[in-house]
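For reference, input.pdb is printed below; it contains PDB, C-alpha atoms.
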ATOM      1  CA  MET A   1      29.425   6.528 -10.368
ATOM      2  CA  ALA A   2      30.727  10.089  -9.997
ATOM      3  CA  CYS A   3      31.589  11.778  -6.683
ATOM      4  CA  MET A   4      31.855  15.589  -6.537
ATOM      5  CA  PRO A   5      32.703  17.107  -3.114
ATOM      6  CA  THR A   6      32.689  20.907  -2.885
ATOM      7  CA  ALA A   7      34.699  21.373   0.327
ATOM      8  CA  LEU A   8      37.038  19.257   2.415
ATOM      9  CA  PRO A   9      37.704  20.836   5.836
ATOM     10  CA  ILE A  10      38.765  18.318   8.511
ATOM     11  CA  ASN A  11      37.632  18.681  12.135
ATOM     12  CA  LEU A  12      38.270  16.208  14.976
ATOM     13  CA  GLY A  13      38.372  13.188  12.711
ATOM     14  CA  ALA A  14      35.154  14.094  10.853
ATOM     15  CA  LEU A  15      35.001  15.039   7.199
ATOM     16  CA  ARG A  16      32.753  18.035   6.485
ATOM     17  CA  LEU A  17      31.359  18.535   2.987
ATOM     18  CA  GLY A  18      29.219  21.434   1.823
ATOM     19  CA  ARG A  19      27.879  19.306  -1.006
ATOM     20  CA  LEU A  20      28.499  15.696  -1.970
ATOM     21  CA  ALA A  21      26.969  14.227  -5.132
ATOM     22  CA  PHE A  22      26.829  10.709  -6.553
ATOM     23  CA  GLU A  23      25.548   9.824 -10.023
ATOM     24  CA  ARG A  24      24.287   6.630 -11.627
ATOM     25  CA  LEU A  25      24.019   4.520  -8.485
ATOM     26  CA  ALA A  26      22.738   0.957  -8.917
ATOM     27  CA  TRP A  27      22.133  -2.041  -6.672
ATOM     28  CA  HIS A  28      21.085  -5.590  -7.517
ATOM     29  CA  SER A  29      20.313  -8.606  -5.340
ATOM     30  CA  GLY A  30      18.442 -11.620  -6.635
ATOM     31  CA  SER A  31      15.163 -10.435  -8.158
ATOM     32  CA  ALA A  32      15.446  -6.948  -6.597
ATOM     33  CA  GLU A  33      16.959  -3.968  -8.403
ATOM     34  CA  ALA A  34      17.347  -0.315  -7.417
ATOM     35  CA  SER A  35      18.870   2.665  -9.172
ATOM     36  CA  ILE A  36      19.310   6.393  -8.492
ATOM     37  CA  ASP A  37      20.228   8.810 -11.262
ATOM     38  CA  LYS A  38      21.644  11.343  -8.805
ATOM     39  CA  LEU A  39      22.049  11.602  -5.026
ATOM     40  CA  GLU A  40      23.002  14.937  -3.438
ATOM     41  CA  LEU A  41      23.975  15.412   0.208
ATOM     42  CA  ILE A  42      23.992  18.995   1.538
ATOM     43  CA  ASP A  43      25.997  20.046   4.621
ATOM     44  CA  ALA A  44      27.273  16.529   5.250
ATOM     45  CA  ILE A  45      29.515  15.286   8.069
ATOM     46  CA  GLY A  46      31.160  11.881   7.625
ATOM     47  CA  SER A  47      33.265   9.681   9.866
ATOM     48  CA  MET A  48      34.426   6.066   9.854
ATOM     49  CA  SER A  49      31.144   4.941  11.420
ATOM     50  CA  SER A  50      28.490   7.416  10.320
ATOM     51  CA  LEU A  51      27.231   9.953   7.828
ATOM     52  CA  ARG A  52      24.959  12.897   8.575
ATOM     53  CA  ALA A  53      23.471  15.397   6.120
ATOM     54  CA  ALA A  54      21.213  18.381   6.728
ATOM     55  CA  ARG A  55      19.432  17.610   3.453
ATOM     56  CA  ALA A  56      19.442  14.844   0.855
ATOM     57  CA  HIS A  57      17.940  14.978  -2.641
ATOM     58  CA  LEU A  58      17.382  11.851  -4.718
ATOM     59  CA  HIS A  59      16.565  12.174  -8.426
ATOM     60  CA  GLY A  60      15.367   9.433 -10.765
ATOM     61  CA  VAL A  61      14.759   6.679  -8.211
ATOM     62  CA  GLN A  62      13.566   3.275  -9.420
ATOM     63  CA  VAL A  63      13.055   0.112  -7.366
ATOM     64  CA  SER A  64      11.712  -3.134  -8.822
ATOM     65  CA  LEU A  65      10.997  -6.664  -7.641
ATOM     66  CA  GLN A  66      10.570  -9.420 -10.218
ATOM     67  CA  ASN A  67       8.975 -12.846  -9.640
ATOM     68  CA  PHE A  68       7.258 -11.262  -6.655
ATOM     69  CA  ASP A  69       5.121 -13.494  -4.438
ATOM     70  CA  ALA A  70       3.642 -11.760  -1.404
ATOM     71  CA  ALA A  71       3.158 -15.103   0.352
ATOM     72  CA  ARG A  72       6.937 -15.682   0.325
ATOM     73  CA  VAL A  73       7.982 -12.293   1.689
ATOM     74  CA  PRO A  74       9.771 -12.914   5.039
ATOM     75  CA  LEU A  75       7.934 -10.898   7.679
ATOM     76  CA  PRO A  76       8.469 -10.926  11.451
ATOM     77  CA  LYS A  77       5.682 -13.067  12.922
ATOM     78  CA  GLN A  78       5.818 -11.528  16.420
ATOM     79  CA  ALA A  79       6.232  -7.919  15.299
ATOM     80  CA  THR A  80       4.189  -5.083  16.755
ATOM     81  CA  TRP A  81       2.721  -3.417  13.675
ATOM     82  CA  GLN A  82       1.881   0.278  13.487
ATOM     83  CA  LEU A  83      -0.827   0.933  10.872
ATOM     84  CA  ALA A  84      -2.235   4.319  11.884
ATOM     85  CA  PRO A  85      -2.537   5.623   8.265
ATOM     86  CA  LEU A  86      -5.007   2.803   7.520
ATOM     87  CA  GLU A  87      -7.194   3.768  10.477
ATOM     88  CA  GLY A  88      -7.782   7.163   8.862
ATOM     89  CA  LEU A  89      -8.112   5.856   5.290
ATOM     90  CA  ALA A  90     -11.019   7.455   3.414
ATOM     91  CA  GLY A  91     -12.218   7.595  -0.170
ATOM     92  CA  ARG A  92     -13.888   5.389  -2.739
ATOM     93  CA  ILE A  93     -12.984   2.725  -5.271
ATOM     94  CA  GLU A  94     -14.988   2.154  -8.439
ATOM     95  CA  ALA A  95     -14.795  -1.018 -10.511
ATOM     96  CA  PHE A  96     -16.516  -1.709 -13.823
ATOM     97  CA  ILE A  97     -16.832  -5.413 -14.639
ATOM     98  CA  THR A  98     -17.570  -6.406 -18.216
ATOM     99  CA  ASP A  99     -19.738  -9.508 -18.602
ATOM    100  CA  ALA A 100     -19.937 -10.207 -14.868
ATOM    101  CA  HIS A 101     -21.210 -13.669 -13.940
ATOM    102  CA  TRP A 102     -24.300 -12.249 -12.267
ATOM    103  CA  ALA A 103     -25.087  -9.567 -14.885
ATOM    104  CA  LEU A 104     -24.122  -8.410 -18.372
ATOM    105  CA  ASP A 105     -22.011  -5.517 -16.995
ATOM    106  CA  ALA A 106     -21.698  -4.336 -13.390
ATOM    107  CA  ASP A 107     -20.575  -1.019 -11.877
ATOM    108  CA  VAL A 108     -19.341  -1.449  -8.274
ATOM    109  CA  THR A 109     -18.747   1.506  -5.920
ATOM    110  CA  LEU A 110     -16.898   0.783  -2.681
ATOM    111  CA  PRO A 111     -16.758   3.674  -0.167
ATOM    112  CA  ILE A 112     -14.182   3.616   2.653
ATOM    113  CA  VAL A 113     -14.615   5.753   5.785
ATOM    114  CA  ASP A 114     -12.116   5.829   8.674
ATOM    115  CA  GLY A 115     -10.429   2.665   7.409
ATOM    116  CA  ARG A 116     -13.687   0.740   7.292
ATOM    117  CA  ILE A 117     -15.761  -0.795   4.496
ATOM    118  CA  ASP A 118     -19.458  -0.882   5.347
ATOM    119  CA  PHE A 119     -21.019  -3.308   2.876
ATOM    120  CA  ASN A 120     -24.449  -1.753   3.464
ATOM    121  CA  ARG A 121     -23.111   1.281   1.557
ATOM    122  CA  VAL A 122     -21.519  -0.657  -1.315
ATOM    123  CA  THR A 123     -23.506  -0.392  -4.556
ATOM    124  CA  VAL A 124     -23.524  -2.939  -7.405
ATOM    125  CA  GLU A 125     -25.417  -1.445 -10.354
ATOM    126  CA  HIS A 126     -26.344  -3.153 -13.619
ATOM    127  CA  ILE A 127     -29.280  -3.638 -15.988
ATOM    128  CA  GLY A 128     -32.295  -4.885 -14.060
ATOM    129  CA  PRO A 129     -32.531  -5.080 -10.253
ATOM    130  CA  ASP A 130     -29.241  -4.077  -8.618
ATOM    131  CA  SER A 131     -27.200  -6.555  -6.594
ATOM    132  CA  SER A 132     -25.771  -6.306  -3.063
ATOM    133  CA  MET A 133     -22.338  -7.140  -1.737
ATOM    134  CA  GLY A 134     -21.659  -8.504   1.731
ATOM    135  CA  LEU A 135     -19.491 -10.583   4.030
ATOM    136  CA  SER A 136     -20.629 -13.858   5.576
ATOM    137  CA  PRO A 137     -18.690 -16.541   7.496
ATOM    138  CA  MET A 138     -18.359 -18.328   4.148
ATOM    139  CA  GLY A 139     -16.761 -15.362   2.383
ATOM    140  CA  LEU A 140     -17.220 -12.208   0.311
ATOM    141  CA  TYR A 141     -20.335 -12.471  -1.858
ATOM    142  CA  VAL A 142     -22.671 -10.748  -4.270
ATOM    143  CA  ASP A 143     -26.401 -11.316  -3.891
ATOM    144  CA  ALA A 144     -27.526 -11.120  -7.532
ATOM    145  CA  PRO A 145     -30.963 -11.552  -9.097
ATOM    146  CA  ASN A 146     -29.981 -15.143  -9.957
ATOM    147  CA  GLY A 147     -28.717 -15.997  -6.456
ATOM    148  CA  ARG A 148     -25.684 -15.620  -4.212
ATOM    149  CA  ILE A 149     -22.237 -15.742  -5.868
ATOM    150  CA  TYR A 150     -19.057 -15.925  -3.779
ATOM    151  CA  LEU A 151     -16.004 -13.930  -4.882
ATOM    152  CA  TYR A 152     -13.697 -15.035  -2.043
ATOM    153  CA  LEU A 153     -14.094 -18.155   0.119
ATOM    154  CA  LEU A 154     -13.005 -18.032   3.758
ATOM    155  CA  SER A 155     -11.326 -20.969   5.470
ATOM    156  CA  ALA A 156     -10.459 -19.039   8.655
ATOM    157  CA  THR A 157     -12.956 -19.140  11.494
ATOM    158  CA  HIS A 158     -11.728 -15.772  12.764
ATOM    159  CA  VAL A 159     -11.142 -12.856  10.386
ATOM    160  CA  PRO A 160      -9.552  -9.802  12.080
ATOM    161  CA  GLY A 161     -11.659  -6.672  11.636
ATOM    162  CA  ALA A 162     -14.646  -8.524  10.152
ATOM    163  CA  ARG A 163     -18.284  -8.132  11.160
ATOM    164  CA  PHE A 164     -20.339 -10.731   9.339
ATOM    165  CA  GLU A 165     -23.840 -10.275   7.949
ATOM    166  CA  ARG A 166     -26.885 -10.445  10.215
ATOM    167  CA  ARG A 167     -30.280 -11.783   9.287
ATOM    168  CA  GLY A 168     -33.618 -10.623  10.616
ATOM    169  CA  GLY A 169     -37.215 -11.807  10.478
ATOM    170  CA  SER A 170     -38.565 -15.326  10.870
ATOM    171  CA  ARG A 171     -36.334 -18.374  10.555
ATOM    172  CA  LEU A 172     -38.162 -19.584   7.463
ATOM    173  CA  ARG A 173     -37.963 -16.286   5.612
ATOM    174  CA  ALA A 174     -35.014 -14.546   7.244
ATOM    175  CA  ARG A 175     -33.639 -11.685   5.172
ATOM    176  CA  VAL A 176     -30.247 -10.047   5.402
ATOM    177  CA  ALA A 177     -30.657  -7.047   7.711
ATOM    178  CA  ASP A 178     -26.961  -6.080   7.835
ATOM    179  CA  ARG A 179     -24.455  -6.882   5.064
ATOM    180  CA  GLY A 180     -21.465  -6.695   7.426
ATOM    181  CA  ALA A 181     -18.317  -4.565   7.559
ATOM    182  CA  LEU A 182     -14.535  -4.860   7.416
ATOM    183  CA  GLU A 183     -11.926  -2.861   9.368
ATOM    184  CA  LEU A 184      -8.833  -2.663   7.142
ATOM    185  CA  GLY A 185      -6.284  -2.001   9.903
ATOM    186  CA  PRO A 186      -6.868  -5.234  11.878
ATOM    187  CA  LEU A 187      -7.234  -7.196   8.629
ATOM    188  CA  VAL A 188      -3.872  -6.033   7.242
ATOM    189  CA  GLU A 189      -2.183  -6.569  10.619
ATOM    190  CA  GLY A 190      -3.468 -10.145  10.643
ATOM    191  CA  LEU A 191      -2.218 -10.787   7.119
ATOM    192  CA  LEU A 192       1.209  -9.351   7.978
ATOM    193  CA  SER A 193       1.324 -11.636  11.014
ATOM    194  CA  GLY A 194       0.915 -14.662   8.771
ATOM    195  CA  ILE A 195      -2.711 -15.739   9.102
ATOM    196  CA  THR A 196      -4.392 -17.498   6.168
ATOM    197  CA  LEU A 197      -7.891 -16.297   5.330
ATOM    198  CA  GLY A 198      -8.920 -18.492   2.412
ATOM    199  CA  SER A 199      -8.750 -18.319  -1.365
ATOM    200  CA  PRO A 200     -10.449 -16.585  -4.306
ATOM    201  CA  ALA A 201     -13.440 -18.327  -5.814
ATOM    202  CA  HIS A 202     -12.841 -20.284  -9.013
ATOM    203  CA  SER A 203     -14.262 -17.513 -11.193
ATOM    204  CA  ALA A 204     -12.397 -14.646  -9.454
ATOM    205  CA  GLN A 205      -9.391 -14.460 -11.800
ATOM    206  CA  ALA A 206     -11.616 -14.411 -14.866
ATOM    207  CA  GLN A 207     -13.617 -11.591 -13.292
ATOM    208  CA  LEU A 208     -10.438  -9.579 -12.559
ATOM    209  CA  ASN A 209      -9.377  -9.929 -16.192
ATOM    210  CA  ARG A 210     -12.600  -8.139 -17.151
ATOM    211  CA  THR A 211     -12.455  -5.446 -14.478
ATOM    212  CA  ARG A 212     -11.484  -1.790 -14.938
ATOM    213  CA  LEU A 213     -10.704   0.131 -11.730
ATOM    214  CA  SER A 214     -10.301   3.715 -10.544
ATOM    215  CA  GLY A 215     -10.312   5.353  -7.154
ATOM    216  CA  THR A 216      -9.053   8.062  -4.822
ATOM    217  CA  LEU A 217      -7.947   7.320  -1.259
ATOM    218  CA  GLN A 218      -6.716   9.649   1.466
ATOM    219  CA  LEU A 219      -4.251   8.090   3.900
ATOM    220  CA  GLY A 220      -4.310   9.131   7.541
ATOM    221  CA  ASP A 221      -1.441  10.479   9.630
ATOM    222  CA  GLY A 222       0.715   8.404  11.964
ATOM    223  CA  ALA A 223       3.281   5.617  12.099
ATOM    224  CA  LEU A 224       3.456   2.856   9.497
ATOM    225  CA  GLY A 225       5.792  -0.083  10.078
ATOM    226  CA  ALA A 226       6.888  -2.581  12.707
ATOM    227  CA  ASP A 227       9.111  -2.400  15.770
ATOM    228  CA  ARG A 228      12.227  -0.339  14.892
ATOM    229  CA  ASP A 229      11.367   0.080  11.208
ATOM    230  CA  GLU A 230       8.734   2.732  10.627
ATOM    231  CA  ILE A 231       7.807   5.872   8.735
ATOM    232  CA  THR A 232       5.424   8.494  10.124
ATOM    233  CA  LEU A 233       3.039   9.981   7.580
ATOM    234  CA  ALA A 234       1.964  13.596   8.054
ATOM    235  CA  GLY A 235       0.045  16.336   6.258
ATOM    236  CA  ARG A 236      -3.456  14.935   5.894
ATOM    237  CA  ALA A 237      -5.005  18.297   6.810
ATOM    238  CA  LEU A 238      -3.129  19.812   3.851
ATOM    239  CA  GLY A 239      -4.220  17.096   1.425
ATOM    240  CA  ARG A 240      -0.904  15.253   1.472
ATOM    241  CA  ASN A 241      -0.698  11.468   0.929
ATOM    242  CA  ARG A 242      -3.723  11.347  -1.347
ATOM    243  CA  MET A 243      -3.523   8.307  -3.600
ATOM    244  CA  THR A 244      -5.148   7.650  -6.971
ATOM    245  CA  LEU A 245      -5.673   4.091  -8.213
ATOM    246  CA  THR A 246      -6.037   3.134 -11.878
ATOM    247  CA  ALA A 247      -6.170  -0.153 -13.767
ATOM    248  CA  ALA A 248      -7.266  -0.887 -17.312
ATOM    249  CA  VAL A 249      -7.321  -4.596 -16.390
ATOM    250  CA  VAL A 250      -7.074  -5.353 -12.657
ATOM    251  CA  GLY A 251      -5.856  -8.890 -13.259
ATOM    252  CA  ARG A 252      -2.791  -7.579 -15.098
ATOM    253  CA  GLU A 253      -1.657  -4.307 -13.520
ATOM    254  CA  VAL A 254      -2.726  -1.730 -10.922
ATOM    255  CA  THR A 255      -1.018   1.664 -10.545
ATOM    256  CA  ALA A 256      -1.067   3.837  -7.411
ATOM    257  CA  GLN A 257       0.158   7.438  -7.563
ATOM    258  CA  LEU A 258       0.948   9.704  -4.608
ATOM    259  CA  PRO A 259       1.915  13.079  -6.115
ATOM    260  CA  GLU A 260       2.366  14.660  -2.665
ATOM    261  CA  PHE A 261       3.778  11.984  -0.395
ATOM    262  CA  SER A 262       4.737  13.474   2.974
ATOM    263  CA  ALA A 263       6.236  12.078   6.177
ATOM    264  CA  SER A 264       7.537  13.778   9.320
ATOM    265  CA  GLY A 265      10.270  11.198   9.850
ATOM    266  CA  ALA A 266      11.477   7.616   9.429
ATOM    267  CA  ARG A 267      13.812   5.112  11.059
ATOM    268  CA  PHE A 268      15.000   1.686   9.905
ATOM    269  CA  GLU A 269      18.073  -0.481   9.484
ATOM    270  CA  ALA A 270      19.981  -0.840   6.201
ATOM    271  CA  LEU A 271      23.113  -2.919   5.562
ATOM    272  CA  GLY A 272      23.555  -3.413   9.294
ATOM    273  CA  LYS A 273      23.441   0.284  10.181
ATOM    274  CA  PRO A 274      20.655   2.355  11.757
ATOM    275  CA  VAL A 275      19.162   5.009   9.499
ATOM    276  CA  SER A 276      16.937   7.887  10.570
ATOM    277  CA  CYS A 277      15.713  11.131   9.062
ATOM    278  CA  GLY A 278      13.318  14.020   9.457
ATOM    279  CA  ALA A 279      10.758  15.290   6.959
ATOM    280  CA  ILE A 280      10.367  13.457   3.642
ATOM    281  CA  THR A 281       8.539  14.709   0.546
ATOM    282  CA  ALA A 282       8.233  12.890  -2.769
ATOM    283  CA  ALA A 283       6.083  12.135  -5.806
ATOM    284  CA  LEU A 284       5.634   8.360  -5.983
ATOM    285  CA  ARG A 285       4.252   5.941  -8.545
ATOM    286  CA  ILE A 286       3.830   2.270  -7.596
ATOM    287  CA  THR A 287       2.876  -0.372 -10.147
ATOM    288  CA  LEU A 288       1.682  -3.826  -9.084
ATOM    289  CA  ALA A 289       1.640  -6.494 -11.798
ATOM    290  CA  ARG A 290       1.008 -10.223 -11.536
ATOM    291  CA  GLN A 291       4.538 -11.069 -10.426
ATOM    292  CA  SER A 292       6.312  -7.752 -10.070
ATOM    293  CA  VAL A 293       6.317  -4.525  -8.080
ATOM    294  CA  ARG A 294       7.878  -1.281  -9.332
ATOM    295  CA  LEU A 295       8.332   2.059  -7.546
ATOM    296  CA  VAL A 296       9.354   5.210  -9.400
ATOM    297  CA  ALA A 297      10.107   8.601  -7.826
ATOM    298  CA  ASP A 298      11.369  11.509  -9.909
ATOM    299  CA  ASP A 299      12.439  13.503  -6.834
ATOM    300  CA  ILE A 300      12.705  12.698  -3.135
ATOM    301  CA  SER A 301      13.741  15.294  -0.529
ATOM    302  CA  VAL A 302      14.916  14.216   2.924
ATOM    303  CA  ALA A 303      15.850  16.367   5.927
ATOM    304  CA  ASP A 304      18.286  15.509   8.747
ATOM    305  CA  LEU A 305      19.571  12.219   7.316
ATOM    306  CA  LEU A 306      21.685  10.118   9.668
ATOM    307  CA  ILE A 307      23.309   6.790   8.768
ATOM    308  CA  GLY A 308      25.063   5.015  11.645
ATOM    309  CA  ASP A 309      25.795   6.499  15.078
ATOM    310  CA  PRO A 310      25.836  10.296  15.451
ATOM    311  CA  PRO A 311      29.293  11.692  14.568
ATOM    312  CA  PRO A 312      31.204  13.843  17.110
TER
END
Kindly return the structure encoded in the file as structure tokens.
Amino acid sequence: MACMPTALPINLGALRLGRLAFERLAWHSGSAEASIDKLELIDAIGSMSSLRAARAHLHGVQVSLQNFDAARVPLPKQATWQLAPLEGLAGRIEAFITDAHWALDADVTLPIVDGRIDFNRVTVEHIGPDSSMGLSPMGLYVDAPNGRIYLYLLSATHVPGARFERRGGSRLRARVADRGALELGPLVEGLLSGITLGSPAHSAQAQLNRTRLSGTLQLGDGALGADRDEITLAGRALGRNRMTLTAAVVGREVTAQLPEFSASGARFEALGKPVSCGAITAALRITLARQSVRLVADDISVADLLIGDPPP
């Protein structure tokens, strides 16, 4: 680690630095690792209890979690979650499944509007009559030419954000009139609060190992986080926070890229000290594998960084 201050005037117990740079920073704890090639603080003021910088630039940031199991992540059960960016989520996801159980090959298109999946608009195309996807109290299904096939089986009697299918017509020959819908915000909030929905169907993993995925999603503006730990996304009107999804094999690895990540501010606690900042811009790449998560950012710019209590 190298430290290169450019000025050292002292004023009322505070150390003022025009520029402070650190190189080759690394941190390791259990299965988590983080590294920063270079950290620059511009117009910094430091004291025994705090550090403030007008601007911070982080270059070559990498964060990884190995042996990752989402079910074991400690989350506050009684937290008040803020998920505004999901409420404005819009875009589409396309999946191509080779040798699907209900057809030779299937091309699935999943549109998302205002954070909501309307299964009446989901298309499942393949050779022969197309199939339909929907949500029933039993789970997520595909109605194929050879019958109904469940992809995910529900054990919960209440699923946040779910509207199940409706049938119309006579009791003897009732047809599905509405395939149902799913609001992603309430669903994610429920999962973060610890509810158990169910489990994938027996054939789901085999299907994922034969699925190629792509998609583009636009996140909405607003706060994302819980209680005192949150980041506020901003810039949707300018096309910021647009995310592309790619996967050659979904069951192995999915990559999300946000080339123009933008937030108006953030606040959280780190190593027992409060941290807050103003505008954040970055280019992010997040890779989700079977048991690992990796985040890479070539450059991150942060305005008005404050660690600890405000200095005098």
Report as a ChimeraX atom specification the residues that result from applying the PyMOL selection byres ((chain A and resi 204) around 12) to the structure here. /A:97,100-101,140-141,149-153,199-203,205-211,250-251
Using the chain letters and residue numbers of this document, give as a ChimeraX atom specification the residues selected by the PyMOL selection byres ((chain A and resi 122) around 6). /A:109-110,119-121,123
Between atom CA of Gly225 of chain A and atom CA of Ala54 of chain A, what is the spacing in Å? 24.3 Å
Contacts of Gly128 of chain A within 9 Å, only C-alpha atoms, excl. fewer than 2 positions in-chain, as an NGL selection string: :A and (103 or 125-126 or 130 or 145)
Within 12 Å of Val293 of chain A, counting only C-alpha atoms, which residues show up once you throw out same-chain ones fewer than 3 positions away? Write them as a ChimeraX atom specification, please. /A:31-34,62-70,252-256,285-290,296
How many Å separate atom CA of Glu165 of chain A from atom CA of Leu217 of chain A?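 Separation of atom CA of Glu165 of chain A and atom CA of Leu217 of chain A: 25.4 Å.
In this model, the gap between atom CA of Leu245 of chain A and atom CA of Ile93 of chain A comes to 8.0 Å.
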Identify which of the residues A:Ala56, A:Ala237, A:Ala144, A:Met133 lies closest to Phe164 of chain A, counting only C-alpha atoms when measuring atom-to-atom distances. A:Met133
Sphere at (-16.2, -10.7, 14.1), radius 12 Å, counting all atoms listed in the file: residues as a PyMOL selection string: chain A and resi 135-137+156-166+180-183+186-187
May I ask which of the residues A:Ala14, A:Leu184, A:Leu25, A:Leu51 is the closest one to Pro274 of chain A, counting all atoms listed in the file?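 Smallest separation from Pro274 of chain A among the options: A:Leu51.
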Out of A:Thr80, A:Ser214, A:Ser131, A:Ser35, which residue has the shortest atom-to-atom distance to Gln257 of chain A when counting all atoms listed in the file? A:Ser214
Give me the residues within 9 Å of Pro85 of chain A as a PyMOL selection string, counting all atoms listed in the file and dropping any in the same chain fewer than 2 places off. chain A and resi 82-83+87-89+115+185+218-224+232-233
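Those residues returned by the PyMOL selection byres ((chain A and resi 53) around 6) for this file are Leu41, Ile42, Asp43, Ala44, Arg52, Ala54, Arg55, Asp304 and Leu305 of chain A.
Residue nearest Leu238 of chain A, chosen from A:Ala303, A:Phe261, A:Glu23, A:Gly215 and counting all atoms listed in the file: A:Phe261.
When all atoms listed in the file are used to compute distances to Asp37 of chain A, the closest of the residues A:Gly60, A:Gly278, A:Gly194, A:Gly18 turns out to be A:Gly60.
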For Met138 of chain A, which residue among A:Ala177, A:Leu197, A:Leu20, A:Val113 is the nearest when counting all atoms listed in the file? A:Leu197
Would you pick out the contacts of Ile36 of chain A at 7 Å or less, using only C-alpha atoms, so that residues sharing its chain but fewer than 2 positions from it are not included, and give the list as number ranges by chain? A: 24-26, 38-39, 58-62
